[in-house]
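K.L.:
Just one file: start_8.txt, with compact mmCIF, C-alpha atoms.
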```txt
# COMPACT_ATOMS: atom_id res chain seq x y z
CA MET A 1 -61.18 193.79 -55.72
CA ASP A 2 -63.38 193.18 -58.76
CA ALA A 3 -66.24 190.77 -58.08
CA ASP A 4 -65.71 188.85 -61.32
CA LEU A 5 -61.99 188.47 -60.63
CA ASP A 6 -62.76 187.39 -57.07
CA THR A 7 -65.10 184.69 -58.39
CA LEU A 8 -62.52 183.58 -60.97
CA ALA A 9 -59.80 183.34 -58.33
CA THR A 10 -62.02 181.28 -56.04
CA ALA A 11 -63.08 178.88 -58.79
CA LEU A 12 -59.50 178.56 -60.03
CA TYR A 13 -58.20 177.78 -56.55
CA VAL A 14 -60.87 175.12 -55.94
CA ARG A 15 -60.16 173.42 -59.28
CA ILE A 16 -56.37 173.48 -58.82
CA ASP A 17 -56.66 172.19 -55.27
CA ASP A 18 -58.85 169.29 -56.43
CA LEU A 19 -56.41 168.42 -59.23
CA LEU A 20 -53.39 168.40 -56.92
CA LYS A 21 -55.21 166.28 -54.34
CA SER A 22 -56.25 163.73 -56.97
CA HIS A 23 -52.75 163.70 -58.50
CA PRO A 24 -50.30 164.13 -55.60
CA GLU A 25 -47.44 162.86 -57.75
CA ARG A 26 -47.62 166.08 -59.77
CA ALA A 27 -46.76 168.27 -56.79
CA PRO A 28 -43.14 168.84 -55.71
CA TRP A 29 -41.83 166.28 -53.26
CA ARG A 30 -42.01 167.33 -49.64
CA PRO A 31 -40.95 165.25 -46.57
CA ARG A 32 -43.76 163.97 -44.39
CA VAL A 33 -41.99 165.07 -41.23
CA GLY A 34 -41.30 168.75 -40.78
CA ILE A 35 -42.96 172.13 -40.72
CA ALA A 36 -45.88 172.34 -43.13
CA PRO A 37 -45.85 175.41 -45.40
CA GLN A 38 -48.25 178.18 -44.44
CA VAL A 39 -49.32 178.72 -48.06
CA THR A 40 -50.33 175.76 -50.21
CA ASP A 41 -49.22 175.02 -53.75
CA ALA A 42 -52.74 175.71 -55.02
CA GLU A 43 -52.67 179.17 -53.45
CA LEU A 44 -49.31 179.96 -55.03
CA VAL A 45 -50.48 178.94 -58.50
CA THR A 46 -53.64 181.00 -58.06
CA LEU A 47 -51.55 184.00 -57.03
CA ALA A 48 -49.34 183.60 -60.10
CA VAL A 49 -52.36 183.47 -62.41
CA MET A 50 -53.93 186.54 -60.82
CA ALA A 51 -50.65 188.46 -61.14
CA ALA A 52 -50.63 187.71 -64.87
CA LEU A 53 -54.28 188.69 -65.28
CA LEU A 54 -53.76 192.01 -63.49
CA GLY A 55 -50.63 192.81 -65.51
CA PHE A 56 -48.01 192.71 -62.74
CA THR A 57 -44.47 192.01 -63.97
CA SER A 58 -42.69 192.63 -60.65
CA GLU A 59 -43.10 190.06 -57.91
CA ARG A 60 -42.38 192.61 -55.17
CA ARG A 61 -45.05 195.00 -56.44
CA TRP A 62 -47.52 192.17 -56.84
CA LEU A 63 -47.01 190.90 -53.28
CA ARG A 64 -47.29 194.44 -51.95
CA PHE A 65 -50.58 194.85 -53.81
CA ALA A 66 -51.84 191.44 -52.64
CA ARG A 67 -51.15 192.28 -48.99
CA GLU A 68 -53.22 195.42 -49.31
CA GLN A 69 -56.09 194.16 -51.47
CA LEU A 70 -56.27 190.36 -51.20
CA ARG A 71 -55.97 189.68 -47.48
CA THR A 72 -59.47 188.21 -47.42
CA LEU A 73 -58.48 185.58 -50.00
CA PHE A 74 -54.91 184.93 -48.86
CA PRO A 75 -54.42 185.44 -45.12
CA TYR A 76 -50.69 184.64 -45.36
CA LEU A 77 -48.34 185.74 -48.13
CA PRO A 78 -44.63 184.87 -48.21
CA GLU A 79 -41.85 187.36 -48.86
CA GLN A 80 -40.57 187.76 -52.41
CA PRO A 81 -37.54 185.40 -52.09
CA GLY A 82 -39.68 182.60 -50.69
CA TYR A 83 -42.44 183.26 -53.22
CA ASN A 84 -39.98 183.05 -56.12
CA LYS A 85 -38.34 179.91 -54.74
CA ARG A 86 -41.66 178.11 -54.38
CA LEU A 87 -42.79 179.10 -57.89
CA ARG A 88 -39.56 177.79 -59.40
CA ARG A 89 -40.18 174.43 -57.79
CA LEU A 90 -43.71 174.44 -59.24
CA VAL A 91 -42.60 174.90 -62.86
CA ASP A 92 -43.46 171.34 -63.94
CA THR A 93 -46.65 171.37 -61.89
CA ILE A 94 -47.83 174.61 -63.50
CA GLY A 95 -47.12 173.21 -66.96
CA TRP A 96 -49.26 170.16 -66.20
CA LEU A 97 -52.03 172.31 -64.70
CA ILE A 98 -52.16 174.47 -67.85
CA GLY A 99 -52.94 171.37 -69.90
CA ALA A 100 -55.44 170.06 -67.37
CA LEU A 101 -57.33 173.36 -67.23
CA ALA A 102 -57.28 173.64 -71.03
CA ARG A 103 -58.95 170.25 -71.31
CA ASP A 104 -61.85 171.57 -69.24
CA THR A 105 -62.77 174.06 -71.97
CA THR A 106 -64.79 173.41 -75.11
CA LEU A 107 -62.01 174.87 -77.26
CA TRP A 108 -59.84 171.84 -76.53
CA SER A 109 -61.90 169.77 -78.99
CA ASP A 110 -61.19 172.17 -81.88
CA ASP A 111 -60.08 170.19 -84.94
CA VAL A 112 -57.81 172.97 -86.31
CA TRP A 113 -54.41 173.80 -84.82
CA VAL A 114 -51.97 176.58 -85.66
CA ALA A 115 -48.19 176.15 -85.17
CA ASP A 116 -45.54 178.85 -85.26
CA SER A 117 -42.56 180.23 -83.36
CA THR A 118 -41.41 183.70 -82.38
CA PRO A 119 -37.99 185.01 -81.29
CA ILE A 120 -37.45 186.30 -77.77
CA GLU A 121 -34.50 188.67 -77.76
CA CYS A 122 -32.68 188.65 -74.42
CA GLY A 123 -29.76 190.99 -75.14
CA ARG A 124 -27.69 192.71 -77.82
CA SER A 125 -24.26 193.52 -76.43
CA ARG A 126 -21.46 190.99 -76.28
CA GLU A 127 -21.05 191.57 -72.55
CA THR A 128 -24.69 190.71 -71.98
CA ALA A 129 -24.30 187.45 -73.87
CA LYS A 130 -21.32 186.47 -71.71
CA ARG A 131 -22.57 187.59 -68.30
CA SER A 132 -26.28 186.81 -68.54
CA ASP A 133 -27.73 183.93 -66.53
CA LEU A 134 -29.13 182.66 -69.84
CA ALA A 135 -25.63 182.11 -71.23
CA GLY A 136 -25.36 178.49 -72.33
CA PHE A 137 -29.04 178.24 -73.17
CA ALA A 138 -29.73 181.42 -75.15
CA GLU A 139 -28.11 181.42 -78.60
CA TYR A 140 -27.58 183.59 -81.64
CA GLY A 141 -30.30 183.06 -84.23
CA TYR A 142 -31.81 184.70 -87.29
CA CYS A 143 -35.22 186.37 -87.37
CA ALA A 144 -36.57 186.34 -90.92
CA SER A 145 -39.44 188.69 -90.03
CA HIS A 146 -37.02 191.49 -89.07
CA SER A 147 -34.16 190.33 -91.35
CA ARG A 148 -31.58 190.43 -88.59
CA TYR A 149 -29.76 188.24 -86.11
CA PHE A 150 -30.58 188.23 -82.40
CA TRP A 151 -29.34 186.66 -79.18
CA GLY A 152 -31.97 184.95 -77.09
CA LEU A 153 -34.56 182.20 -77.14
CA ARG A 154 -37.39 181.05 -79.36
CA LEU A 155 -40.95 180.33 -78.21
CA HIS A 156 -42.74 177.56 -80.12
CA LEU A 157 -46.51 177.50 -79.79
CA LEU A 158 -49.25 175.11 -80.87
CA CYS A 159 -52.73 176.54 -80.31
CA THR A 160 -56.31 176.50 -81.55
CA LEU A 161 -57.82 179.13 -83.84
CA HIS A 162 -59.30 180.84 -80.77
CA GLY A 163 -55.87 181.18 -79.16
CA LEU A 164 -56.03 178.36 -76.60
CA PRO A 165 -52.48 177.00 -76.08
CA VAL A 166 -52.36 173.28 -76.80
CA GLY A 167 -48.60 172.84 -76.45
CA PHE A 168 -45.52 175.04 -76.20
CA ALA A 169 -41.76 174.84 -75.84
CA LEU A 170 -38.99 177.33 -75.03
CA THR A 171 -35.73 176.56 -76.81
CA GLY A 172 -32.55 178.18 -78.01
CA ALA A 173 -32.66 180.53 -80.99
CA LYS A 174 -31.18 177.91 -83.34
CA ALA A 175 -33.71 175.19 -82.54
CA ASP A 176 -35.24 173.48 -85.56
CA GLU A 177 -38.94 174.33 -85.72
CA ARG A 178 -39.82 170.94 -87.19
CA HIS A 179 -38.03 168.92 -84.51
CA THR A 180 -39.53 171.08 -81.75
CA LEU A 181 -43.06 170.62 -83.10
CA LEU A 182 -42.52 166.87 -83.27
CA HIS A 183 -41.35 166.96 -79.66
CA ILE A 184 -44.54 168.81 -78.65
CA LEU A 185 -46.80 166.39 -80.53
CA THR A 186 -45.13 163.20 -79.31
CA GLY A 187 -44.48 164.41 -75.76
CA ASP A 188 -48.17 164.44 -74.80
CA PRO A 189 -50.20 161.24 -75.39
CA ASP A 190 -53.40 163.30 -75.62
CA LEU A 191 -51.97 165.24 -78.58
CA ALA A 192 -50.46 162.24 -80.32
CA GLY A 193 -53.75 160.36 -80.08
CA ARG A 194 -55.91 163.05 -81.68
CA VAL A 195 -57.44 161.93 -84.98
CA GLY A 196 -58.64 164.14 -87.82
CA GLN A 197 -56.68 167.25 -86.87
CA THR A 198 -55.83 169.95 -89.42
CA LEU A 199 -52.58 171.78 -88.76
CA ILE A 200 -51.84 175.23 -90.23
CA ALA A 201 -48.15 176.14 -90.34
CA ASP A 202 -45.68 178.13 -92.41
CA LYS A 203 -43.29 176.79 -95.04
CA ASN A 204 -40.52 176.10 -92.52
CA TYR A 205 -42.39 173.01 -91.33
CA TYR A 206 -41.37 170.99 -94.36
CA GLY A 207 -39.12 168.04 -95.19
CA ARG A 208 -39.19 164.33 -95.88
CA GLU A 209 -37.94 163.45 -92.40
CA PHE A 210 -40.59 165.69 -90.87
CA GLU A 211 -43.35 164.08 -92.95
CA THR A 212 -42.37 160.51 -92.06
CA THR A 213 -41.59 161.14 -88.37
CA ARG A 214 -44.72 163.12 -87.57
CA PRO A 215 -47.35 161.01 -85.76
CA SER A 216 -49.98 160.17 -88.36
CA SER A 217 -52.77 160.27 -85.80
CA ALA A 218 -51.76 163.67 -84.38
CA SER A 219 -52.71 165.68 -87.45
CA SER A 220 -54.03 164.19 -90.64
CA CYS A 221 -53.52 167.31 -92.74
CA CYS A 222 -51.23 170.31 -92.84
CA ALA A 223 -52.01 173.53 -94.74
CA ARG A 224 -49.05 175.84 -95.40
CA PRO A 225 -47.70 178.23 -98.05
CA ALA A 226 -46.36 176.71 -101.25
CA ARG A 227 -42.61 176.48 -101.71
CA ALA A 228 -40.82 177.69 -104.83
CA ASN A 229 -39.05 174.75 -106.54
CA PRO A 230 -39.51 172.22 -103.72
CA THR A 231 -36.57 169.80 -103.61
CA ASP A 232 -37.98 167.46 -100.97
CA PRO A 233 -41.59 166.66 -101.87
CA ALA A 234 -44.00 165.14 -99.41
CA PRO A 235 -45.14 161.53 -99.70
CA ALA A 236 -47.82 160.79 -102.26
CA SER A 237 -50.25 159.72 -99.51
CA SER A 238 -50.76 163.36 -98.51
CA ASN A 239 -52.35 164.53 -101.75
CA HIS A 240 -55.70 165.10 -100.02
CA CYS A 241 -54.40 168.02 -97.97
CA ALA A 242 -55.00 171.67 -98.69
CA ARG A 243 -52.17 174.00 -99.59
CA SER A 244 -52.21 177.76 -99.89
CA SER A 245 -49.81 180.09 -101.65
CA ASN A 246 -49.07 183.76 -101.11
CA ARG A 247 -46.81 184.07 -104.14
CA SER A 248 -47.67 185.63 -107.44
CA THR A 249 -49.04 183.20 -110.00
CA THR A 250 -48.19 185.37 -113.04
CA PRO A 251 -45.32 183.68 -114.91
CA SER A 252 -42.60 185.67 -116.58
CA LYS A 253 -41.75 185.37 -120.28
CA ALA A 254 -38.75 183.19 -119.59
CA SER A 255 -40.61 180.90 -117.24
CA SER A 256 -43.66 180.63 -119.51
CA THR A 257 -41.47 179.41 -122.36
CA SER A 258 -39.89 176.73 -120.23
CA ASN A 259 -43.19 175.72 -118.68
CA ASP A 260 -44.64 174.86 -122.09
CA THR A 261 -42.31 171.88 -122.36
CA ALA A 262 -42.22 170.98 -118.68
CA ALA A 263 -44.09 167.98 -117.44
CA ALA A 264 -47.10 168.42 -115.18
CA PRO A 265 -46.28 168.11 -111.49
CA SER A 266 -47.27 164.96 -109.68
CA PRO A 267 -49.92 165.04 -106.94
CA ALA A 268 -47.20 164.44 -104.36
CA SER A 269 -45.40 167.66 -105.28
CA SER A 270 -48.53 169.80 -105.29
CA CYS A 271 -49.63 169.03 -101.75
CA ALA A 272 -47.91 168.70 -98.41
CA SER A 273 -48.93 167.27 -95.07
CA GLY A 274 -47.52 167.19 -91.54
CA SER A 275 -47.72 169.45 -88.89
CA ASP A 276 -35.00 170.15 -80.12
CA SER A 277 -32.87 172.58 -79.86
CA SER A 278 -29.49 171.63 -81.36
CA HIS A 279 -27.87 172.91 -78.21
CA SER A 280 -30.29 171.67 -75.55
CA PRO A 281 -33.70 169.95 -75.48
CA PRO A 282 -36.75 172.20 -75.42
CA SER A 283 -38.35 172.83 -72.07
CA SER A 284 -41.91 171.98 -73.02
CA GLY A 285 -44.57 173.11 -70.63
CA THR A 286 -42.37 175.48 -68.66
CA THR A 287 -43.32 178.91 -67.46
CA THR A 288 -39.95 180.55 -67.69
CA THR A 289 -40.32 184.27 -68.30
CA PRO A 290 -37.33 185.64 -70.22
CA ALA A 291 -36.64 189.27 -70.91
CA ASN A 292 -38.97 191.17 -73.21
CA THR A 293 -38.17 191.23 -76.89
CA SER A 294 -36.84 194.52 -78.24
CA ASN A 295 -37.88 195.49 -81.74
CA ASP A 296 -35.97 197.71 -84.09
CA HIS A 297 -37.76 200.80 -85.29
```
Would it be possible to restate this file's structure as structure tokens?
P.N.:
Amino acid sequence: MDADLDTLATALYVRIDDLLKSHPERAPWRPRVGIAPQVTDAELVTLAVMAALLGFTSERRWLRFAREQLRTLFPYLPEQPGYNKRLRRLVDTIGWLIGALARDTTLWSDDVWVADSTPIECGRSRETAKRSDLAGFAEYGYCASHSRYFWGLRLHLLCTLHGLPVGFALTGAKADERHTLLHILTGDPDLAGRVGQTLIADKNYYGREFETTRPSSASSCCARPARANPTDPAPASSNHCARSSNRSTTPSKASSTSNDTAAAPSPASSCASGSDSSHSPPSSGTTTTPANTSNDH
């Protein structure tokens, strides 16, 4: 057992135990009368974090390793079925603990956020889509990065420039990125109350409804790539925001002729600001671990 990892596990357990004792309403309900569990919720969360840090993807292998190497830290370890059942009940608690631990870091006060989403492919065959336990939640969606359709989920992430997760949501593949981001921003009072934030996002986070619905105090500015021929400009009040473009600025002969007589764009059309699933609401703050994404080569 590495000494640094041992120290981290001890400090993490102490902090989680203090948080759960000060906020008992965050822990799963348990009757007062009955047999008390031999392993506490704080120990289970610490075990889950250590499994992720050590790169274990199999719960059985992780528990086998923990029984051999971590007996000094965890005298009792449940079997895999009981371990999995307890972790599933702690999904909401773990999501809240992630935010509470993030607030303890100095990166939480970063005034720049980055928002984006990535596809999580869960299967390719038709039989998989019909027989999978994710059927009804996973959907068919389009991945523009790989120019192909996929069946699975989509992970939406809001983080700082240093990679600290501020908010996240796991939705179906067809979920609107704008609506999901609004759900993340408005779902946490600490995020909605932040003032002076700069949000960096891609051109999919665009639209008049998105601009007017977004909490004005959550992010005062949004920097994103320019859109070609925008049909839904942002409000004129957002002309102080920065906007970047990755498109070529060299006009063609046909466009240069028409641009000579075109009127100059208004400030509202030259700047944009602003930063669930159509099938089911996003599960913000969950720790569901779907199947790994498969990439075409």
K.L.:
Can you list, as a list of chain:residue names, every protein, DNA or RNA residue that comes within 7 Å of region 100-116 of chain A when you count only C-alpha atoms, leaving out same-chain residues fewer than 5 positions away?
P.N.:
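The residues that qualify are A:His156, A:Leu157, A:Leu158, A:Cys159, A:Thr160, A:Leu161, A:Leu164, A:Gly196, A:Gln197, A:Thr198, A:Leu199, A:Ile200, A:Ala201.
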K.L.:
Take CA of Leu182 (chain A) and CA of Gly99 (chain A) and report the distance between them in Å, one decimal.
P.N.:
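Atom-to-atom, CA of Leu182 (chain A) and CA of Gly99 (chain A) are spaced 17.5 Å apart.
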K.L.:
Could you check how far CA of Asp190 (chain A) sits from CA of Gly167 (chain A), in Å to one decimal?
P.N.:
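CA of Gly167 (chain A) lies at a distance of 10.7 Å from CA of Asp190 (chain A).
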K.L.:
Take the point (-40.0, 174.9, -91.9) as written in the file and pick out every residue within 10 Å of it, counting all atoms listed in the file; give the list as a list of chain:residue names.
P.N.:
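The answer, in the requested form, is A:Asp116, A:Asp176, A:Glu177, A:Arg178, A:His179, A:Ala201, A:Asp202, A:Lys203, A:Asn204, A:Tyr205, A:Tyr206, A:Gly207, A:Phe210, A:Arg224, A:Ser275.
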K.L.:
Can you list, as a PyMOL selection string, every protein, DNA or RNA residue that comes within 10 Å of Pro119 (chain A) when you count only C-alpha atoms, leaving out same-chain residues fewer than 5 positions away?
P.N.:
chain A and resi 141-145+150-156+170-173+293
K.L.:
Please measure the separation of CA of Glu127 (chain A) and CA of Tyr140 (chain A), giving the value in Å to one decimal.
P.N.:
13.7 Å
K.L.:
Counting only C-alpha atoms, which of A:Leu185, A:Ala42, A:Thr180, A:Leu70 gets nearest to Arg26 (chain A)?
P.N.:
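Among the listed residues, the smallest separation from Arg26 (chain A) belongs to A:Ala42.
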K.L.:
What lies within 12 Å of region 61-68 of chain A using all atoms listed in the file, ignoring chain neighbours under 3 positions off, as an NGL selection string?
P.N.:
:A and (1 or 44 or 46-58 or 71-84)
K.L.:
Would you please work out which residue, of A:Thr212, A:Thr10, A:Ser125, A:Thr118, is nearest to Lys174 (chain A) when using all atoms listed in the file?
P.N.:
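Nearest to Lys174 (chain A): A:Thr118.
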